[in-house]
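See below for the structure under consideration.
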Amino acid sequence: MMADRETRLKLVIFIGHHKVGSTALQIFLARNHLALLRAGILYPSVESQGMAYNLARAAGMGRDDGDLPINLREPHNALAFRMLSEVTRRKVPHYHGNLPHSRQMFAAIHNQIAVFRPKAVILCAEVFSNFGSLAPGLIDRLRQEFSGADVTIICTLRRVDDHLGAWQGQRLCFGRSPRPLSGAGLAPCFNTIHFDFRMMLHPWLERFPDARFDISDYASTLAAGGAVPDFIMRSGLGFPAGLVAAGRANIGIPRALHEVARLGNRFLAPRMASMLREFMIGLASDPALPENDQIELFGAHNRMLLAERFAGINTYLRALAGGRAFFADEDDIARLRPISGIDALGAALPVLRARMQQHGLASELVDFVTRLDFRQAG
């Protein structure tokens with residue numbers, strides 16, 4: 001590989017964070033794999049399913065009008081999960097099935113680079129954000145695998161209170177039943193990358209000293225039109241025109257219904273809990289429900305605690321931002337939202353019950369939601 005920066009392979013690594021539009025970005029990159037490759041930008045496959053699908057499209061036999069297999073859509077999440085599983089006790093999630101060893105996955109990437117000779121390679125995985133806290137040596141491995149490349153590392157951070165609310169919803173979508181953030185559910189977050197952004201970022205900054213880092217606020221992503229146009233601009237790769245849009249992805253459960261999802265995950269059979277979650281996700285745009293950003297998920301005590309505990313991390317982020325506020329609306333971390341969680345739930349339950357009856361949902365689910373009251377839900 002030539003030493004001249006202009007001729008070196010460009011490697012762009014998107015490391016997350018979670019809940020900043022990474023799914024939409026991954027869908028966009030996967031759907032446009034062939035067009036990007038023709039423009040010299042490789043979004044590499046890492047296992048046989050993704051390679052077979054991309055080969056079919058190159059041969060004019062593939063289809064893009066359905067859901068993409070997850071190993072094709074999120075190949076580098078699969079890579080990151082496999083890497084973590086090999087050095088920690090964490091298992092690869094069941095939905096990323098039939099993965100080879102990470103050595104074979106990297107061999108696949110390097111073979112594609114050797115054959116296609118792209119000007120740039122994109123690795124995109126919010127799961128990379130876990131490396132610093134769980135296995136920082138994996139960051140070293142990534143650097144070594146692409147030794148000599150001109151590296152750009154892109155990271156997007158969501159204001160911590162908004163991020164924790166979104167991450168709580170994501171865990172509910174995974175079928176878990178975490179305690180409410182207004183109670184005992186907040187404290188366990190403090191020693192994780194979902195609160196401690198320094199824990200997430202510092203190992204990358206330390207282990208990629210020659211990389212260009214682009215660390216930005218999620219508000220800037222939204223102002224740019226979403227994760228896809230934001231990434232195109234920040235990557236500096238010169239994407240071709242006429243690419244297929246990704247659309248909205250990974251829609252969450254309305255925050256007013258988080259407690260219904262939590263109790264459903266806890267008390268319903270897995271299949272029924274999944275049906276309830278999917279139905280509530282379908283209500284995300286229902287105008288009769290309280291708006292997410294108007295709902296207080298933490299309560300007065302926990303929100304004050306959150307703001308106090310985050311102050312040191314905010315100082316770290318300010319230093320990275322050259323002394324200016326990293327989050328332009330950082331004062332909002334301490335601001336109570338106008339609708340309490342219990343009031344939001346009280347307004348949402350009648351809407352949920354009515355919609356369930358209108359759509360003829362299973363009687364077991366209708367009965368479950370009908371029996372819920374404020375005492376049970378709170």
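Chain identifiers are assigned as A, B, and so on, following the order in which chains appear in the structure tokens; residues are numbered from 1 within each chain, and ligands are numbered from 1 in order of appearance.
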
So that each row is one residue of stretch 117-205 of chain A with an atom at most 8 Å from stretch 70-87 of chain A, can you give its shortest atom pair and the distance in Å to one decimal, using only C-alpha atoms, rows by chain and rising number, as JSON lines?
```
{"residue": "A:Leu123", "atom": "CA", "partner": "A:His76", "partner_atom": "CA", "distance": 6.2}
{"residue": "A:Cys124", "atom": "CA", "partner": "A:His76", "partner_atom": "CA", "distance": 5.9}
{"residue": "A:Ala125", "atom": "CA", "partner": "A:Asn77", "partner_atom": "CA", "distance": 4.9}
{"residue": "A:Glu126", "atom": "CA", "partner": "A:Asn77", "partner_atom": "CA", "distance": 6.9}
{"residue": "A:Val127", "atom": "CA", "partner": "A:Asn77", "partner_atom": "CA", "distance": 5.6}
{"residue": "A:Phe128", "atom": "CA", "partner": "A:Ala80", "partner_atom": "CA", "distance": 6.0}
{"residue": "A:Phe131", "atom": "CA", "partner": "A:Leu84", "partner_atom": "CA", "distance": 7.6}
{"residue": "A:Leu134", "atom": "CA", "partner": "A:Leu84", "partner_atom": "CA", "distance": 7.9}
{"residue": "A:Ala135", "atom": "CA", "partner": "A:Leu84", "partner_atom": "CA", "distance": 7.1}
{"residue": "A:Leu138", "atom": "CA", "partner": "A:Met83", "partner_atom": "CA", "distance": 7.3}
```

Restrict the selected residues to N, CA and C atoms and save them as a CSV table (one decimal), in the first residue's frame.
```
chain,number,residue,atom,x,y,z
A,123,LEU,N,-16.9,0.4,7.2
A,123,LEU,CA,-17.3,-0.5,8.2
A,123,LEU,C,-18.3,0.3,9.1
A,124,CYS,N,-19.5,-0.3,9.3
A,124,CYS,CA,-20.6,0.4,9.9
A,124,CYS,C,-21.2,-0.5,10.9
A,125,ALA,N,-21.0,-0.2,12.2
A,125,ALA,CA,-21.6,-1.0,13.3
A,125,ALA,C,-21.7,-0.3,14.6
A,126,GLU,N,-22.9,-0.1,15.1
A,126,GLU,CA,-23.0,0.5,16.4
A,126,GLU,C,-22.5,-0.4,17.5
A,127,VAL,N,-22.4,-1.7,17.2
A,127,VAL,CA,-21.8,-2.7,18.2
A,127,VAL,C,-20.3,-2.4,18.4
A,128,PHE,N,-19.7,-1.7,17.5
A,128,PHE,CA,-18.3,-1.3,17.7
A,128,PHE,C,-18.2,-0.5,19.0
A,131,PHE,N,-16.7,-2.0,22.2
A,131,PHE,CA,-15.3,-2.5,22.3
A,131,PHE,C,-14.6,-1.9,23.4
A,134,LEU,N,-15.7,-3.3,26.9
A,134,LEU,CA,-15.7,-4.8,27.0
A,134,LEU,C,-14.4,-5.4,26.6
A,135,ALA,N,-13.8,-5.0,25.6
A,135,ALA,CA,-12.6,-5.6,25.1
A,135,ALA,C,-11.8,-4.6,24.2
A,138,LEU,N,-9.8,-5.3,21.0
A,138,LEU,CA,-10.4,-5.5,19.6
A,138,LEU,C,-10.2,-4.2,18.8
```

Show me, as a VMD selection string, the residues that have an atom within 9 Å of A:Pro100 when counting only C-alpha atoms, minus same-chain residues fewer than 6 positions from it.
chain A and resid 46 to 48 82

At most 9 Å is the cut-off: for each residue in stretch 253-372 of chain A with any atom that close to an atom of stretch 144-167 of chain A, write down the nearest atom pair and the distance in Å rounded to one decimal, counting only C-alpha atoms, chain first then increasing number, as JSON lines.
```
{"residue": "A:Arg255", "atom": "CA", "partner": "A:Gly165", "partner_atom": "CA", "distance": 7.9}
{"residue": "A:Asp293", "atom": "CA", "partner": "A:Asp162", "partner_atom": "CA", "distance": 8.2}
{"residue": "A:Leu297", "atom": "CA", "partner": "A:Gly165", "partner_atom": "CA", "distance": 7.0}
{"residue": "A:Phe298", "atom": "CA", "partner": "A:Asp161", "partner_atom": "CA", "distance": 8.5}
{"residue": "A:Arg303", "atom": "CA", "partner": "A:Asp161", "partner_atom": "CA", "distance": 8.2}
{"residue": "A:Leu306", "atom": "CA", "partner": "A:Asp161", "partner_atom": "CA", "distance": 7.7}
{"residue": "A:Ala307", "atom": "CA", "partner": "A:Asp161", "partner_atom": "CA", "distance": 8.6}
{"residue": "A:Phe310", "atom": "CA", "partner": "A:Val160", "partner_atom": "CA", "distance": 8.0}
{"residue": "A:Phe327", "atom": "CA", "partner": "A:Arg159", "partner_atom": "CA", "distance": 6.6}
{"residue": "A:Asp329", "atom": "CA", "partner": "A:Arg159", "partner_atom": "CA", "distance": 8.3}
{"residue": "A:Glu330", "atom": "CA", "partner": "A:Arg159", "partner_atom": "CA", "distance": 7.3}
{"residue": "A:Asp332", "atom": "CA", "partner": "A:Asp161", "partner_atom": "CA", "distance": 8.6}
{"residue": "A:Ile333", "atom": "CA", "partner": "A:Asp161", "partner_atom": "CA", "distance": 6.0}
{"residue": "A:Ala334", "atom": "CA", "partner": "A:Asp161", "partner_atom": "CA", "distance": 8.8}
```

Output the selection as an mmCIF file, in the first residue's frame - C-alpha atoms for each residue.
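Result file out12.cif:
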```cif
data_model
loop_
_atom_site.group_PDB
_atom_site.id
_atom_site.type_symbol
_atom_site.label_atom_id
_atom_site.label_comp_id
_atom_site.auth_asym_id
_atom_site.auth_seq_id
_atom_site.Cartn_x
_atom_site.Cartn_y
_atom_site.Cartn_z
ATOM 1 C CA ARG A 255 -42.655 6.102 25.355
ATOM 2 C CA ASP A 293 -40.266 14.352 23.925
ATOM 3 C CA LEU A 297 -39.187 9.282 32.039
ATOM 4 C CA PHE A 298 -36.901 9.962 35.020
ATOM 5 C CA ARG A 303 -33.311 13.617 36.504
ATOM 6 C CA LEU A 306 -28.627 12.165 36.025
ATOM 7 C CA ALA A 307 -27.574 15.769 35.398
ATOM 8 C CA PHE A 310 -23.182 13.495 33.783
ATOM 9 C CA PHE A 327 -24.619 19.391 23.196
ATOM 10 C CA ASP A 329 -29.031 22.053 24.489
ATOM 11 C CA GLU A 330 -27.065 20.505 27.367
ATOM 12 C CA ASP A 332 -32.153 20.322 28.867
ATOM 13 C CA ILE A 333 -30.623 17.337 30.659
ATOM 14 C CA ALA A 334 -31.828 18.833 33.947
#
```

Applying 10 Å and only C-alpha atoms, which residues near stretch 218-228 of chain A remain after dropping the ones on its own chain fewer than 5 positions away? List them as a PDB file with C-alpha atoms, in the first residue's frame.
```pdb
ATOM      1  CA  HIS A  17     -23.597   5.224  19.120  1.00  0.00           C
ATOM      2  CA  LYS A  19     -30.046   4.796  18.642  1.00  0.00           C
ATOM      3  CA  VAL A  20     -28.644   7.423  16.282  1.00  0.00           C
ATOM      4  CA  GLY A  21     -29.996   6.063  12.986  1.00  0.00           C
ATOM      5  CA  SER A  22     -27.460   3.287  12.440  1.00  0.00           C
ATOM      6  CA  THR A  23     -30.085   0.808  11.195  1.00  0.00           C
ATOM      7  CA  ALA A  24     -31.288   3.196   8.487  1.00  0.00           C
ATOM      8  CA  LEU A  25     -27.671   3.841   7.497  1.00  0.00           C
ATOM      9  CA  GLN A  26     -26.890   0.121   7.299  1.00  0.00           C
ATOM     10  CA  ILE A  27     -29.979  -0.553   5.187  1.00  0.00           C
ATOM     11  CA  PHE A  28     -28.952   2.270   2.850  1.00  0.00           C
ATOM     12  CA  LEU A  29     -25.418   0.940   2.455  1.00  0.00           C
ATOM     13  CA  CYS A 155     -19.296   8.721  16.057  1.00  0.00           C
ATOM     14  CA  THR A 156     -22.651  10.306  16.854  1.00  0.00           C
ATOM     15  CA  LEU A 157     -23.784  10.895  20.430  1.00  0.00           C
ATOM     16  CA  ARG A 158     -27.332  11.562  21.539  1.00  0.00           C
ATOM     17  CA  ARG A 159     -27.924  13.795  24.573  1.00  0.00           C
ATOM     18  CA  HIS A 163     -30.347   8.445  24.597  1.00  0.00           C
ATOM     19  CA  MET A 233     -21.354  14.464   4.244  1.00  0.00           C
ATOM     20  CA  ARG A 234     -19.098  13.462   7.135  1.00  0.00           C
ATOM     21  CA  ALA A 245     -33.187   5.687  -0.141  1.00  0.00           C
ATOM     22  CA  ALA A 246     -33.404   3.605   3.022  1.00  0.00           C
ATOM     23  CA  GLY A 247     -36.513   5.048   4.661  1.00  0.00           C
ATOM     24  CA  ARG A 248     -37.195   5.106   8.370  1.00  0.00           C
ATOM     25  CA  PHE A 327     -24.619  19.391  23.196  1.00  0.00           C
ATOM     26  CA  ALA A 328     -26.002  22.803  22.303  1.00  0.00           C
ATOM     27  CA  ASP A 329     -29.031  22.053  24.489  1.00  0.00           C
TER      28      ASP A 329
END
```

Determine which residues of stretch 23-247 of chain A receive a DSSP assignment of strand (DSSP E or B), computed from the backbone, and state them as a list of chain:residue names.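 Reading the DSSP output for stretch 23-247 of chain A, strand (DSSP E or B) covers A:Ile41, A:Leu42, A:Ala120, A:Val121, A:Ile122, A:Leu123, A:Cys124, A:Asp150, A:Val151, A:Thr152, A:Ile153, A:Ile154, A:Cys155, A:Thr156, A:Leu157, A:Arg212, A:Phe213, A:Asp214, A:Ile215, A:Ser216, A:Asp217.
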
Smallest atom-to-atom distance to A:Ser235: which of A:Leu361, A:Ser45, A:Ala344, A:Ile122, using only C-alpha atoms?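 Of A:Leu361, A:Ser45, A:Ala344, A:Ile122, the one nearest A:Ser235 is A:Ile122, counting only C-alpha atoms.
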
Counting only C-alpha atoms, what is within 12 Å of A:Arg271, bar same-chain residues fewer than 5 positions away, as a PDB file with N, CA and C atoms, in the first residue's frame?
```pdb
ATOM      1  N   GLY A 175     -37.384  -7.590  24.016  1.00  0.00           N
ATOM      2  CA  GLY A 175     -38.098  -8.541  24.856  1.00  0.00           C
ATOM      3  C   GLY A 175     -37.674  -8.527  26.307  1.00  0.00           C
ATOM      4  N   GLY A 264     -45.702  -6.560  29.727  1.00  0.00           N
ATOM      5  CA  GLY A 264     -45.976  -7.628  28.757  1.00  0.00           C
ATOM      6  C   GLY A 264     -44.791  -8.571  28.625  1.00  0.00           C
ATOM      7  N   ASN A 265     -43.578  -8.011  28.531  1.00  0.00           N
ATOM      8  CA  ASN A 265     -42.380  -8.847  28.435  1.00  0.00           C
ATOM      9  C   ASN A 265     -42.203  -9.707  29.679  1.00  0.00           C
ATOM     10  N   LEU A 276     -47.676  -8.033  21.123  1.00  0.00           N
ATOM     11  CA  LEU A 276     -48.056  -6.776  21.756  1.00  0.00           C
ATOM     12  C   LEU A 276     -47.052  -5.678  21.413  1.00  0.00           C
ATOM     13  N   ARG A 277     -45.772  -6.005  21.465  1.00  0.00           N
ATOM     14  CA  ARG A 277     -44.752  -5.006  21.120  1.00  0.00           C
ATOM     15  C   ARG A 277     -44.919  -4.521  19.691  1.00  0.00           C
ATOM     16  N   GLU A 278     -45.094  -5.449  18.760  1.00  0.00           N
ATOM     17  CA  GLU A 278     -45.222  -5.067  17.350  1.00  0.00           C
ATOM     18  C   GLU A 278     -46.442  -4.181  17.125  1.00  0.00           C
ATOM     19  N   ALA A 362     -55.690 -10.412  19.438  1.00  0.00           N
ATOM     20  CA  ALA A 362     -55.995 -11.618  20.206  1.00  0.00           C
ATOM     21  C   ALA A 362     -56.612 -11.244  21.547  1.00  0.00           C
ATOM     22  N   GLU A 364     -56.476 -12.590  24.381  1.00  0.00           N
ATOM     23  CA  GLU A 364     -55.553 -12.668  25.514  1.00  0.00           C
ATOM     24  C   GLU A 364     -54.821 -11.350  25.709  1.00  0.00           C
ATOM     25  N   LEU A 365     -54.437 -10.704  24.611  1.00  0.00           N
ATOM     26  CA  LEU A 365     -53.735  -9.432  24.707  1.00  0.00           C
ATOM     27  C   LEU A 365     -54.685  -8.318  25.122  1.00  0.00           C
TER      28      LEU A 365
END
```

Counting only C-alpha atoms, what is within 12 Å of stretch 351-357 of chain A, bar same-chain residues fewer than 4 positions away, as an mmCIF file with N, CA and C atoms, in the first residue's frame?
```cif
data_model
loop_
_atom_site.group_PDB
_atom_site.id
_atom_site.type_symbol
_atom_site.label_atom_id
_atom_site.label_comp_id
_atom_site.auth_asym_id
_atom_site.auth_seq_id
_atom_site.Cartn_x
_atom_site.Cartn_y
_atom_site.Cartn_z
ATOM 1 N N ILE A 253 -41.159 1.654 20.416
ATOM 2 C CA ILE A 253 -42.440 1.662 21.117
ATOM 3 C C ILE A 253 -42.674 3.071 21.651
ATOM 4 N N PRO A 254 -43.853 3.636 21.491
ATOM 5 C CA PRO A 254 -44.115 4.966 22.049
ATOM 6 C C PRO A 254 -43.780 5.002 23.540
ATOM 7 N N ALA A 256 -44.950 6.572 25.968
ATOM 8 C CA ALA A 256 -46.100 6.519 26.872
ATOM 9 C C ALA A 256 -46.510 5.079 27.173
ATOM 10 N N LEU A 257 -46.095 4.142 26.319
ATOM 11 C CA LEU A 257 -46.475 2.734 26.469
ATOM 12 C C LEU A 257 -45.313 1.854 26.907
ATOM 13 N N VAL A 260 -46.310 -0.634 29.588
ATOM 14 C CA VAL A 260 -47.130 -1.739 29.079
ATOM 15 C C VAL A 260 -46.231 -2.798 28.458
ATOM 16 N N ALA A 261 -45.242 -2.355 27.680
ATOM 17 C CA ALA A 261 -44.306 -3.301 27.061
ATOM 18 C C ALA A 261 -43.501 -4.041 28.117
ATOM 19 N N MET A 275 -46.120 -10.033 19.947
ATOM 20 C CA MET A 275 -47.273 -9.487 19.224
ATOM 21 C C MET A 275 -47.690 -8.140 19.795
ATOM 22 N N LEU A 276 -47.676 -8.033 21.123
ATOM 23 C CA LEU A 276 -48.056 -6.776 21.756
ATOM 24 C C LEU A 276 -47.052 -5.678 21.413
ATOM 25 N N ARG A 277 -45.772 -6.005 21.465
ATOM 26 C CA ARG A 277 -44.752 -5.006 21.120
ATOM 27 C C ARG A 277 -44.919 -4.521 19.691
ATOM 28 N N GLU A 278 -45.094 -5.449 18.760
ATOM 29 C CA GLU A 278 -45.222 -5.067 17.350
ATOM 30 C C GLU A 278 -46.442 -4.181 17.125
ATOM 31 N N PHE A 279 -47.517 -4.487 17.835
ATOM 32 C CA PHE A 279 -48.720 -3.670 17.682
ATOM 33 C C PHE A 279 -48.460 -2.258 18.193
ATOM 34 N N MET A 280 -47.790 -2.148 19.344
ATOM 35 C CA MET A 280 -47.528 -0.817 19.899
ATOM 36 C C MET A 280 -46.547 -0.034 19.043
ATOM 37 N N ILE A 281 -45.570 -0.712 18.441
ATOM 38 C CA ILE A 281 -44.660 -0.031 17.511
ATOM 39 C C ILE A 281 -45.457 0.568 16.353
ATOM 40 N N GLY A 282 -46.495 -0.139 15.929
ATOM 41 C CA GLY A 282 -47.350 0.361 14.859
ATOM 42 C C GLY A 282 -48.126 1.610 15.230
ATOM 43 N N LEU A 283 -48.169 1.939 16.520
ATOM 44 C CA LEU A 283 -48.869 3.142 16.977
ATOM 45 C C LEU A 283 -47.924 4.329 17.158
ATOM 46 N N ALA A 284 -46.677 4.176 16.719
ATOM 47 C CA ALA A 284 -45.664 5.212 16.970
ATOM 48 C C ALA A 284 -46.070 6.576 16.426
ATOM 49 N N ASP A 286 -49.294 7.564 16.043
ATOM 50 C CA ASP A 286 -50.689 7.844 16.408
ATOM 51 C C ASP A 286 -50.767 9.210 17.096
ATOM 52 N N PRO A 287 -51.492 10.157 16.527
ATOM 53 C CA PRO A 287 -51.545 11.509 17.110
ATOM 54 C C PRO A 287 -52.282 11.569 18.438
ATOM 55 N N ALA A 288 -53.028 10.512 18.783
ATOM 56 C CA ALA A 288 -53.761 10.514 20.049
ATOM 57 C C ALA A 288 -52.863 10.223 21.244
ATOM 58 N N LEU A 289 -51.642 9.753 21.000
ATOM 59 C CA LEU A 289 -50.715 9.444 22.082
ATOM 60 C C LEU A 289 -49.865 10.662 22.428
ATOM 61 N N PRO A 290 -49.473 10.814 23.694
ATOM 62 C CA PRO A 290 -48.564 11.914 24.057
ATOM 63 C C PRO A 290 -47.256 11.801 23.287
ATOM 64 N N ALA A 344 -48.810 10.233 31.273
ATOM 65 C CA ALA A 344 -48.700 9.788 29.875
ATOM 66 C C ALA A 344 -49.319 8.402 29.705
ATOM 67 N N LEU A 345 -49.047 7.528 30.652
ATOM 68 C CA LEU A 345 -49.622 6.189 30.595
ATOM 69 C C LEU A 345 -51.133 6.249 30.721
ATOM 70 N N GLY A 346 -51.623 7.098 31.630
ATOM 71 C CA GLY A 346 -53.065 7.238 31.794
ATOM 72 C C GLY A 346 -53.747 7.717 30.527
ATOM 73 N N ALA A 347 -53.079 8.599 29.770
ATOM 74 C CA ALA A 347 -53.648 9.073 28.510
ATOM 75 C C ALA A 347 -53.526 8.034 27.406
ATOM 76 N N LEU A 361 -57.300 -7.586 17.814
ATOM 77 C CA LEU A 361 -56.136 -8.289 18.349
ATOM 78 C C LEU A 361 -56.576 -9.455 19.227
ATOM 79 N N ALA A 362 -55.690 -10.412 19.438
ATOM 80 C CA ALA A 362 -55.995 -11.618 20.206
ATOM 81 C C ALA A 362 -56.612 -11.244 21.547
ATOM 82 N N SER A 363 -57.654 -11.983 21.938
ATOM 83 C CA SER A 363 -58.385 -11.666 23.165
ATOM 84 C C SER A 363 -57.478 -11.710 24.390
ATOM 85 N N GLU A 364 -56.476 -12.590 24.381
ATOM 86 C CA GLU A 364 -55.553 -12.668 25.514
ATOM 87 C C GLU A 364 -54.821 -11.350 25.709
ATOM 88 N N LEU A 365 -54.437 -10.704 24.611
ATOM 89 C CA LEU A 365 -53.735 -9.432 24.707
ATOM 90 C C LEU A 365 -54.685 -8.318 25.122
ATOM 91 N N VAL A 366 -55.880 -8.320 24.559
ATOM 92 C CA VAL A 366 -56.871 -7.315 24.933
ATOM 93 C C VAL A 366 -57.187 -7.429 26.417
ATOM 94 N N ASP A 367 -57.358 -8.658 26.906
ATOM 95 C CA ASP A 367 -57.652 -8.853 28.334
ATOM 96 C C ASP A 367 -56.495 -8.383 29.197
ATOM 97 N N PHE A 368 -55.275 -8.684 28.764
ATOM 98 C CA PHE A 368 -54.102 -8.290 29.540
ATOM 99 C C PHE A 368 -54.038 -6.771 29.691
ATOM 100 N N VAL A 369 -54.210 -6.051 28.595
ATOM 101 C CA VAL A 369 -54.128 -4.594 28.640
ATOM 102 C C VAL A 369 -55.323 -4.008 29.375
ATOM 103 N N THR A 370 -56.475 -4.620 29.228
ATOM 104 C CA THR A 370 -57.673 -4.126 29.908
ATOM 105 C C THR A 370 -57.530 -4.221 31.422
ATOM 106 N N ARG A 371 -56.833 -5.258 31.891
ATOM 107 C CA ARG A 371 -56.673 -5.457 33.336
ATOM 108 C C ARG A 371 -55.639 -4.511 33.944
ATOM 109 N N LEU A 372 -54.792 -3.916 33.124
ATOM 110 C CA LEU A 372 -53.788 -3.005 33.652
ATOM 111 C C LEU A 372 -54.451 -1.774 34.266
#
```
